[in-house]
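Peer 1: Let me give you the structure first, and then I'll get to my questions.
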There are 4 protein chains.
Amino acid sequence: MSAPSTTAASESAEASAHRRERRKEARPGELLDAALDLFVEKGFAATRAEEVAARAGVSKGTLFLYFPSKEELFKAVVRENLARVVHESAGELDSFEGPSDALLLHFLQQWWARYGATKASGISKLIISEASNFPELAVFFRDEVVEPGTALLRRVLERGIARGEFRPVPIDTTVHLILAPLLFLVLWKHSLGPCCDALARIEPEAYIAQHAELLLRGLRADAAPGTPDSPAPPEPKTP
Amino acid sequence: MSAPSTTAASESAEASAHRRERRKEARPGELLDAALDLFVEKGFAATRAEEVAARAGVSKGTLFLYFPSKEELFKAVVRENLARVVHESAGELDSFEGPSDALLLHFLQQWWARYGATKASGISKLIISEASNFPELAVFFRDEVVEPGTALLRRVLERGIARGEFRPVPIDTTVHLILAPLLFLVLWKHSLGPCCDALARIEPEAYIAQHAELLLRGLRADAAPGTPDSPAPPEPKTP
Amino acid sequence: MSAPSTTAASESAEASAHRRERRKEARPGELLDAALDLFVEKGFAATRAEEVAARAGVSKGTLFLYFPSKEELFKAVVRENLARVVHESAGELDSFEGPSDALLLHFLQQWWARYGATKASGISKLIISEASNFPELAVFFRDEVVEPGTALLRRVLERGIARGEFRPVPIDTTVHLILAPLLFLVLWKHSLGPCCDALARIEPEAYIAQHAELLLRGLRADAAPGTPDSPAPPEPKTP
Amino acid sequence: MSAPSTTAASESAEASAHRRERRKEARPGELLDAALDLFVEKGFAATRAEEVAARAGVSKGTLFLYFPSKEELFKAVVRENLARVVHESAGELDSFEGPSDALLLHFLQQWWARYGATKASGISKLIISEASNFPELAVFFRDEVVEPGTALLRRVLERGIARGEFRPVPIDTTVHLILAPLLFLVLWKHSLGPCCDALARIEPEAYIAQHAELLLRGLRADAAPGTPDSPAPPEPKTP
DNA sequence: AATGAATGAGTATTCATTCAT
DNA sequence: TATGAATGAATACTCATTCAT
């Protein structure tokens, strides 16, 4: 008890300094989170900058301390959330050993767990809505998400076909057909879902499972050997 | 008949009156067309009322003569285009005779021809983008499009299952899985497509065909265990 | 009195149409006038766009209907008022016949009557205040006012020297020395004058007259012939 | 003196304390300097407080530690620099012995050396620009600079006239005519000059010399008899 | 019916000023 | 003292909407 006050004082000083610093470092993240919520919910134009700030618990001015404009905030939201997704799910699949149908199933489930189920999935709706107003972002999305994602799936399909597990199918088209229900799921979640409680609420896991089953039945090369199966139709190539 | 000039005059007067009337009646339609284009391209908020008027060839004031507000114009655009879609494709399928896989194929192809390929398909993007800002429209969309559309598909599936042509599958989930690639197609067309020329351009007919093939393989109830596999499924013919 | 109502009606319709049109055409001028007043009085930054509109008797929005931004309004004010001045006083002096001192006196008096005494003279203060914020305008001022104005004076001096009426003096420097009191006059009028009522109010005409007299005494080549007058000092040329 | 280390330590402590103190005391001066530069260059409104602080090498907060507001900073800048100017050149002229033309020449050259050539000359531009926004400063300027300055010049003229060296001229008007080219010089330096490099750059010394020569020729009472000179016009007195 | 000049509520953005550290 | 993160009043500018013609 000799010098507790001093200790306490310096402790609290440290603590509050820490708190302040932590807040400062956390600010951009908090703002991006708030902005993601609002942009996804209401769209870019209908979201007021002050609202974003308010939801992040700061004032209007603070927002512009971290992002020079609403547009830059929007871009940051997209980049931040996309970057996270893409980088995480990168190489993992290449080291997979086992049958290709299990691999594909794994891919679908992981996609849901890592992206579809998270707030970040709202980005898909954002991009679709604002692609023509932010072409720059659309290109970014294409390069950072669509392209790597389709490349991943393409390798899965090629692996399956090479190993004789999948029928030969037109790769690119099939990739899109595999992704479509995933996109559908997140769009439903962020657009019509909230308005259609009354109607069939989609159960993501069951939906994914059923997608996988239907898909794998469609893909599997379990035709009796010797049966001259329809040869792989030529992939439509863009000229 | 005595004075041909008079007749001619009245004729031309009639004609121009007609023309003017037709124009007058056409006005709202021209405005709705222009508005659909712009709303789809840029979204609701980013579309300026004056632009819509200009594209329709009238002045700003005239727009508000026909529609009391930009919101009402938007709703009218959605309603008009949705109504068109739904009413046309109603009963036709019920009178279909023939195998269910052909029926399903027919459904998919018709959907593309009658909706996906038209300007109206942009409505899907609009609804997805603005659902939370126009819940009323989302409900309208659910009731007028989603519900009847899924009901239609549901009947097709039930027919196929009842006739032993399709495996028993969870109906609602499968309906969504059938619709998802269709939605994907129109969203691609109206959002990322225009920005991604360089990347894989999707060929709608081939895409639909491949969707049908994959889907029908997944649905068909002909996999007798141990039985050497299904006879070659009918090659999807693109018209 | 047979159809007075019709006549009256068409007259009033015409009149109001006219009034409207006249107003529309007058708007930019009214706005420029209001803006000149306020910019001169308070400076560019301290003048609020809405104030300008209010003084011109219109609403904020209307201002931006005619000028795309406050900066452009400012530029228009400068250009409009400068252009007027310069073009008016152009060639007149060249056709002058008579002694050069009378010519110079005429120049000074005209300058006051046509520029110094008008609202437009406030532009000088504006330019001086905002030159570094609107370099573009400073250049415009240099090219459209300073350069032609000094050229005019230069010709007057050269004429006087050539005719033996003026001593040979360094032209450019002297031109600036002639202009300086004129500038001083308008700056006084628009800056300190209003604050210094108590102090000596400058009487423009007397001031100009005294400037002319002092100047002409300094310039006149009436030194007794044979008196070795100071030779014309070399004009400092910028390298 | 026993422990040099202690001495050294305390010396260095003292020194650094001194240095810090000097710095502390210098702060306001550094801020005033920075502010003068920026205010002169860009005007009051276009100068950001943070910029001033940055140029002075301190943080935004520190600025407001020394000056309660931007307006007060501005006033301090003006007061500080004006005070400097006026007090220095006070009595010196009264003790001058010699001809009045030499005295006047001395005045002009000193004015340039002590004021025109220094940063403080930018104050003139500031006052002219902001007189109506800071009437208090305009009055201050009038009382502290214009009035004493003109009084000084007035005495010079009166001396010359009294000694028969200058013609009798209207004093106040002539005072303004003497000052005008000086003001012109500093305004040119701080406004148009920087934008008009290409155009005639004014050489201050030559300009002042020429001003003096022209002026003295105009003032000197050595007109050859026979010239029907105008008698001194009555000075216009403002009541 | 059609026009387009005018309006003014609404919003992004800036920046002097404060205050916890 | 000194800092710089945070604030919010102030202001330029937009655009749906009105209305006199």
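Residue numbering restarts at 1 in every chain; chains get A, B, ... in the order shown in the structure tokens, and ligands count up from 1 in that same order.
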Identify, on the basis of only C-alpha atoms (C1' of nucleotides), every residue whose closest approach to DT17 in chain E does not exceed 10 Å; exclude the query and any residue fewer than 5 positions from it along the same chain; express the result as a list in words.
Peer 2: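 Close residues of DT17 in chain E: Lys60, Gly61, Phe64, Pro68, Ser69 and Lys70 of chain D; DT7 of chain F.
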Peer 1: Once you count only C-alpha atoms (C1' of nucleotides), which residues of chain F turn out to be within 10 Å of chain A? Could you give them as a ChimeraX atom specification?
Peer 2: /F:5-8
Peer 1: Between CA of Leu216 in chain B and CA of Trp111 in chain B, what is the distance, to one decimal in Å?
Peer 2: 16.7 Å
Peer 1: Measuring atom to atom with only C-alpha atoms (C1' of nucleotides), identify which of C:Ala49, C:Ser129, C:Leu215, C:Asp37 is nearest to DC13 in chain F.
Peer 2: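 Closest residue, counting only C-alpha atoms (C1' of nucleotides): C:Ala49.
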Peer 1: Just to confirm, what's the straight-line distance from CA of Thr173 in chain B to CA of Glu203 in chain A in Å (one decimal)?
Peer 2: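 CA of Glu203 in chain A lies 8.5 Å from CA of Thr173 in chain B.
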Peer 1: Excluding same-chain residues fewer than 2 positions from Asp172 in chain B, what lies within 12 Å of it counting only C-alpha atoms (C1' of nucleotides), as a list in words?
Peer 2: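 That gives Leu199, Ala200, Arg201, Ile202, Glu203, Ala206, Tyr207 and Gln210 of chain A; Val146, Glu147, Gly149, Thr150, Ala151, Leu152, Leu153, Arg154, Arg155, Val156, Leu157, Glu158, Pro168, Val169, Pro170, Thr174, Val175, His176, Leu177, Ile178 and Leu179 of chain B.
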Peer 1: Include N, CA, C and O atoms and write out the residues we just selected as a compact mmCIF listing (two decimals), in the first residue's frame.
Peer 2:
# COMPACT_ATOMS: atom_id res chain seq x y z
N LEU A 199 -42.74 -17.23 -46.90
CA LEU A 199 -42.50 -18.25 -47.93
C LEU A 199 -41.36 -19.18 -47.48
O LEU A 199 -40.70 -18.96 -46.49
N ALA A 200 -41.17 -20.17 -48.29
CA ALA A 200 -40.11 -21.13 -48.02
C ALA A 200 -38.81 -20.43 -47.66
O ALA A 200 -38.23 -19.73 -48.49
N ARG A 201 -38.38 -20.60 -46.44
CA ARG A 201 -37.06 -20.14 -46.06
C ARG A 201 -36.08 -21.24 -46.48
O ARG A 201 -36.29 -22.42 -46.22
N ILE A 202 -35.04 -20.84 -47.17
CA ILE A 202 -34.08 -21.84 -47.64
C ILE A 202 -33.14 -22.23 -46.51
O ILE A 202 -32.58 -21.38 -45.83
N GLU A 203 -32.98 -23.53 -46.32
CA GLU A 203 -32.04 -24.04 -45.32
C GLU A 203 -30.70 -24.26 -46.00
O GLU A 203 -30.55 -25.21 -46.78
N ALA A 206 -29.02 -27.90 -46.06
CA ALA A 206 -29.79 -28.86 -46.84
C ALA A 206 -29.72 -28.52 -48.32
O ALA A 206 -29.59 -29.40 -49.20
N TYR A 207 -29.78 -27.21 -48.57
CA TYR A 207 -29.74 -26.75 -49.97
C TYR A 207 -28.42 -27.13 -50.61
O TYR A 207 -28.38 -27.68 -51.72
N GLN A 210 -28.25 -30.89 -51.17
CA GLN A 210 -29.06 -31.32 -52.31
C GLN A 210 -28.41 -30.91 -53.62
O GLN A 210 -28.42 -31.64 -54.61
N VAL B 146 -42.08 -15.27 -58.14
CA VAL B 146 -41.43 -16.40 -57.48
C VAL B 146 -42.46 -17.50 -57.20
O VAL B 146 -42.26 -18.66 -57.58
N GLU B 147 -43.55 -17.10 -56.57
CA GLU B 147 -44.54 -18.09 -56.16
C GLU B 147 -45.13 -18.84 -57.37
O GLU B 147 -45.03 -20.08 -57.43
N GLY B 149 -43.96 -19.07 -60.37
CA GLY B 149 -42.88 -19.76 -61.08
C GLY B 149 -42.48 -21.04 -60.37
O GLY B 149 -42.37 -22.10 -60.99
N THR B 150 -42.29 -20.94 -59.06
CA THR B 150 -41.90 -22.15 -58.34
C THR B 150 -43.05 -23.16 -58.34
O THR B 150 -42.80 -24.37 -58.41
N ALA B 151 -44.28 -22.65 -58.29
CA ALA B 151 -45.42 -23.56 -58.32
C ALA B 151 -45.42 -24.36 -59.62
O ALA B 151 -45.65 -25.58 -59.64
N LEU B 152 -45.14 -23.64 -60.69
CA LEU B 152 -45.07 -24.28 -62.00
C LEU B 152 -44.04 -25.40 -61.99
O LEU B 152 -44.31 -26.55 -62.38
N LEU B 153 -42.87 -25.04 -61.58
CA LEU B 153 -41.77 -26.01 -61.56
C LEU B 153 -42.10 -27.16 -60.61
O LEU B 153 -41.78 -28.32 -60.87
N ARG B 154 -42.74 -26.78 -59.52
CA ARG B 154 -43.09 -27.82 -58.55
C ARG B 154 -43.99 -28.87 -59.21
O ARG B 154 -43.79 -30.07 -59.07
N ARG B 155 -44.95 -28.38 -59.99
CA ARG B 155 -45.86 -29.32 -60.66
C ARG B 155 -45.10 -30.20 -61.65
O ARG B 155 -45.37 -31.39 -61.78
N VAL B 156 -44.16 -29.59 -62.32
CA VAL B 156 -43.36 -30.38 -63.27
C VAL B 156 -42.62 -31.50 -62.54
O VAL B 156 -42.63 -32.67 -62.97
N LEU B 157 -41.99 -31.12 -61.43
CA LEU B 157 -41.25 -32.14 -60.68
C LEU B 157 -42.19 -33.22 -60.15
O LEU B 157 -41.91 -34.42 -60.26
N GLU B 158 -43.29 -32.79 -59.58
CA GLU B 158 -44.24 -33.76 -59.01
C GLU B 158 -44.77 -34.69 -60.09
O GLU B 158 -44.91 -35.90 -59.88
N PRO B 168 -37.50 -39.41 -56.44
CA PRO B 168 -38.13 -38.53 -55.45
C PRO B 168 -37.06 -37.62 -54.86
O PRO B 168 -36.06 -38.11 -54.35
N VAL B 169 -37.28 -36.36 -55.01
CA VAL B 169 -36.31 -35.39 -54.47
C VAL B 169 -37.07 -34.37 -53.62
O VAL B 169 -38.27 -34.22 -53.78
N PRO B 170 -36.35 -33.70 -52.73
CA PRO B 170 -37.02 -32.64 -51.97
C PRO B 170 -37.43 -31.53 -52.93
O PRO B 170 -36.58 -30.87 -53.53
N THR B 174 -35.14 -28.45 -54.69
CA THR B 174 -34.77 -28.72 -56.08
C THR B 174 -35.28 -27.62 -57.01
O THR B 174 -34.59 -27.24 -57.96
N VAL B 175 -36.46 -27.14 -56.72
CA VAL B 175 -36.97 -26.03 -57.53
C VAL B 175 -35.98 -24.86 -57.52
O VAL B 175 -35.66 -24.30 -58.57
N HIS B 176 -35.52 -24.51 -56.35
CA HIS B 176 -34.55 -23.42 -56.27
C HIS B 176 -33.27 -23.74 -57.03
O HIS B 176 -32.67 -22.88 -57.67
N LEU B 177 -32.87 -25.01 -56.97
CA LEU B 177 -31.64 -25.39 -57.65
C LEU B 177 -31.81 -25.34 -59.16
O LEU B 177 -30.83 -25.17 -59.90
N ILE B 178 -33.05 -25.51 -59.60
CA ILE B 178 -33.29 -25.41 -61.04
C ILE B 178 -33.30 -23.96 -61.49
O ILE B 178 -32.80 -23.60 -62.55
N LEU B 179 -33.87 -23.11 -60.62
CA LEU B 179 -33.98 -21.71 -60.98
C LEU B 179 -32.64 -20.96 -60.89
O LEU B 179 -32.40 -20.01 -61.65
Peer 1: Using only C-alpha atoms (C1' of nucleotides), find the residues of chain E whose closest atom to chain C is at most 10 Å away, then write them as JSON, numbers by chain.
Peer 2: {"E": [5, 6, 7, 8]}
Peer 1: Would you mind listing, as a ChimeraX atom specification, all residues of chain D that have at least one atom within 7 Å of chain C, where only C-alpha atoms are what counts?
Peer 2: /D:41-43,45,128-129,131-133,135,138-139,173,177,180-181,184,191-192,195,200-201,207,211,214-215,217-219,238
Peer 1: Which polymer residues have any atom within 12 Å of an atom of DA10 in chain F, counting only C-alpha atoms (C1' of nucleotides), with same-chain residues fewer than 4 positions away left out, as a PyMOL selection string?
Peer 2: (chain C and resi 46+48) or (chain E and resi 13-16)
Peer 1: Per DSSP on the backbone, what are the helix (DSSP H, G or I) residues of range 83-195 of chain A, as a PDB file with C-alpha atoms, in the first residue's frame?
Peer 2:
ATOM      1  CA  ALA A  83      -9.414 -10.068 -50.186  1.00  0.00           C
ATOM      2  CA  ARG A  84     -10.136 -11.905 -46.978  1.00  0.00           C
ATOM      3  CA  VAL A  85     -12.225 -14.536 -48.730  1.00  0.00           C
ATOM      4  CA  VAL A  86      -9.994 -15.235 -51.650  1.00  0.00           C
ATOM      5  CA  HIS A  87      -6.734 -15.454 -49.775  1.00  0.00           C
ATOM      6  CA  GLU A  88      -8.122 -17.836 -47.213  1.00  0.00           C
ATOM      7  CA  GLY A  91      -4.358 -23.618 -52.145  1.00  0.00           C
ATOM      8  CA  GLU A  92      -6.076 -25.928 -49.724  1.00  0.00           C
ATOM      9  CA  LEU A  93      -7.930 -27.895 -52.355  1.00  0.00           C
ATOM     10  CA  ASP A  94      -4.864 -28.798 -54.343  1.00  0.00           C
ATOM     11  CA  SER A  95      -3.507 -30.935 -51.536  1.00  0.00           C
ATOM     12  CA  SER A 100     -13.249 -36.132 -56.621  1.00  0.00           C
ATOM     13  CA  ASP A 101     -16.862 -36.222 -55.569  1.00  0.00           C
ATOM     14  CA  ALA A 102     -15.768 -35.815 -51.951  1.00  0.00           C
ATOM     15  CA  LEU A 103     -13.527 -32.991 -53.059  1.00  0.00           C
ATOM     16  CA  LEU A 104     -16.366 -31.220 -54.809  1.00  0.00           C
ATOM     17  CA  LEU A 105     -18.631 -31.678 -51.826  1.00  0.00           C
ATOM     18  CA  HIS A 106     -15.921 -30.309 -49.600  1.00  0.00           C
ATOM     19  CA  PHE A 107     -15.563 -27.301 -51.854  1.00  0.00           C
ATOM     20  CA  LEU A 108     -19.269 -26.510 -51.713  1.00  0.00           C
ATOM     21  CA  GLN A 109     -19.462 -26.880 -47.960  1.00  0.00           C
ATOM     22  CA  GLN A 110     -16.375 -24.837 -47.362  1.00  0.00           C
ATOM     23  CA  TRP A 111     -17.633 -22.129 -49.653  1.00  0.00           C
ATOM     24  CA  TRP A 112     -20.735 -21.809 -47.563  1.00  0.00           C
ATOM     25  CA  ALA A 113     -18.921 -21.954 -44.253  1.00  0.00           C
ATOM     26  CA  ARG A 114     -16.252 -19.463 -45.198  1.00  0.00           C
ATOM     27  CA  TYR A 115     -18.120 -17.048 -47.384  1.00  0.00           C
ATOM     28  CA  GLY A 116     -21.806 -17.716 -47.775  1.00  0.00           C
ATOM     29  CA  LYS A 119     -21.476 -11.020 -43.590  1.00  0.00           C
ATOM     30  CA  ALA A 120     -19.027 -10.729 -46.454  1.00  0.00           C
ATOM     31  CA  SER A 121     -21.392 -12.643 -48.691  1.00  0.00           C
ATOM     32  CA  GLY A 122     -23.391  -9.458 -48.990  1.00  0.00           C
ATOM     33  CA  ILE A 123     -20.601  -8.220 -51.243  1.00  0.00           C
ATOM     34  CA  SER A 124     -21.962 -10.351 -54.032  1.00  0.00           C
ATOM     35  CA  LYS A 125     -25.201  -8.463 -54.008  1.00  0.00           C
ATOM     36  CA  LEU A 126     -23.329  -5.179 -53.829  1.00  0.00           C
ATOM     37  CA  ILE A 127     -21.221  -5.976 -56.833  1.00  0.00           C
ATOM     38  CA  ILE A 128     -24.198  -7.082 -58.843  1.00  0.00           C
ATOM     39  CA  SER A 129     -26.063  -3.922 -57.974  1.00  0.00           C
ATOM     40  CA  GLU A 130     -23.253  -1.461 -58.532  1.00  0.00           C
ATOM     41  CA  PRO A 135     -16.702  -0.652 -63.246  1.00  0.00           C
ATOM     42  CA  GLU A 136     -13.382  -0.521 -61.530  1.00  0.00           C
ATOM     43  CA  LEU A 137     -14.796  -2.648 -58.738  1.00  0.00           C
ATOM     44  CA  ALA A 138     -16.422  -5.032 -61.161  1.00  0.00           C
ATOM     45  CA  VAL A 139     -13.074  -5.638 -62.768  1.00  0.00           C
ATOM     46  CA  PHE A 140     -11.502  -6.057 -59.359  1.00  0.00           C
ATOM     47  CA  PHE A 141     -14.214  -8.575 -58.466  1.00  0.00           C
ATOM     48  CA  ARG A 142     -13.716 -10.428 -61.706  1.00  0.00           C
ATOM     49  CA  ASP A 143      -9.962 -10.620 -61.216  1.00  0.00           C
ATOM     50  CA  GLU A 144      -9.893 -11.315 -57.502  1.00  0.00           C
ATOM     51  CA  VAL A 145     -12.926 -13.504 -57.030  1.00  0.00           C
ATOM     52  CA  VAL A 146     -14.542 -14.785 -60.177  1.00  0.00           C
ATOM     53  CA  GLU A 147     -11.359 -15.704 -61.919  1.00  0.00           C
ATOM     54  CA  PRO A 148      -9.606 -17.469 -58.995  1.00  0.00           C
ATOM     55  CA  GLY A 149     -12.842 -19.098 -57.932  1.00  0.00           C
ATOM     56  CA  THR A 150     -13.623 -20.509 -61.335  1.00  0.00           C
ATOM     57  CA  ALA A 151     -10.028 -21.568 -61.737  1.00  0.00           C
ATOM     58  CA  LEU A 152     -10.306 -23.540 -58.527  1.00  0.00           C
ATOM     59  CA  LEU A 153     -13.462 -25.291 -59.628  1.00  0.00           C
ATOM     60  CA  ARG A 154     -12.014 -25.881 -63.035  1.00  0.00           C
ATOM     61  CA  ARG A 155      -9.123 -27.799 -61.513  1.00  0.00           C
ATOM     62  CA  VAL A 156     -11.536 -29.878 -59.464  1.00  0.00           C
ATOM     63  CA  LEU A 157     -13.518 -30.814 -62.529  1.00  0.00           C
ATOM     64  CA  GLU A 158     -10.440 -31.549 -64.578  1.00  0.00           C
ATOM     65  CA  ARG A 159      -9.096 -33.713 -61.785  1.00  0.00           C
ATOM     66  CA  GLY A 160     -12.335 -35.661 -61.677  1.00  0.00           C
ATOM     67  CA  ILE A 161     -12.437 -36.137 -65.408  1.00  0.00           C
ATOM     68  CA  ALA A 162      -8.779 -37.072 -65.596  1.00  0.00           C
ATOM     69  CA  ILE A 171     -15.691 -27.243 -68.160  1.00  0.00           C
ATOM     70  CA  ASP A 172     -16.423 -23.526 -68.145  1.00  0.00           C
ATOM     71  CA  THR A 173     -20.135 -23.885 -68.532  1.00  0.00           C
ATOM     72  CA  THR A 174     -20.274 -26.469 -65.811  1.00  0.00           C
ATOM     73  CA  VAL A 175     -18.246 -24.281 -63.498  1.00  0.00           C
ATOM     74  CA  HIS A 176     -20.849 -21.569 -63.845  1.00  0.00           C
ATOM     75  CA  LEU A 177     -23.602 -24.098 -63.249  1.00  0.00           C
ATOM     76  CA  ILE A 178     -21.951 -25.166 -60.040  1.00  0.00           C
ATOM     77  CA  LEU A 179     -21.506 -21.622 -58.826  1.00  0.00           C
ATOM     78  CA  ALA A 180     -24.956 -20.385 -59.738  1.00  0.00           C
ATOM     79  CA  PRO A 181     -26.803 -22.022 -56.831  1.00  0.00           C
ATOM     80  CA  LEU A 182     -24.196 -20.699 -54.432  1.00  0.00           C
ATOM     81  CA  LEU A 183     -24.701 -17.172 -55.664  1.00  0.00           C
ATOM     82  CA  PHE A 184     -28.440 -17.738 -55.576  1.00  0.00           C
ATOM     83  CA  LEU A 185     -28.173 -18.686 -51.937  1.00  0.00           C
ATOM     84  CA  VAL A 186     -26.399 -15.513 -50.835  1.00  0.00           C
ATOM     85  CA  LEU A 187     -28.584 -13.296 -52.952  1.00  0.00           C
ATOM     86  CA  TRP A 188     -31.654 -14.900 -51.443  1.00  0.00           C
ATOM     87  CA  LYS A 189     -30.194 -14.369 -48.025  1.00  0.00           C
ATOM     88  CA  HIS A 190     -29.557 -10.686 -48.597  1.00  0.00           C
ATOM     89  CA  GLY A 193     -35.101 -13.723 -47.925  1.00  0.00           C
ATOM     90  CA  PRO A 194     -35.772 -10.993 -45.385  1.00  0.00           C
ATOM     91  CA  CYS A 195     -38.967 -10.077 -47.219  1.00  0.00           C
TER      92      CYS A 195
END
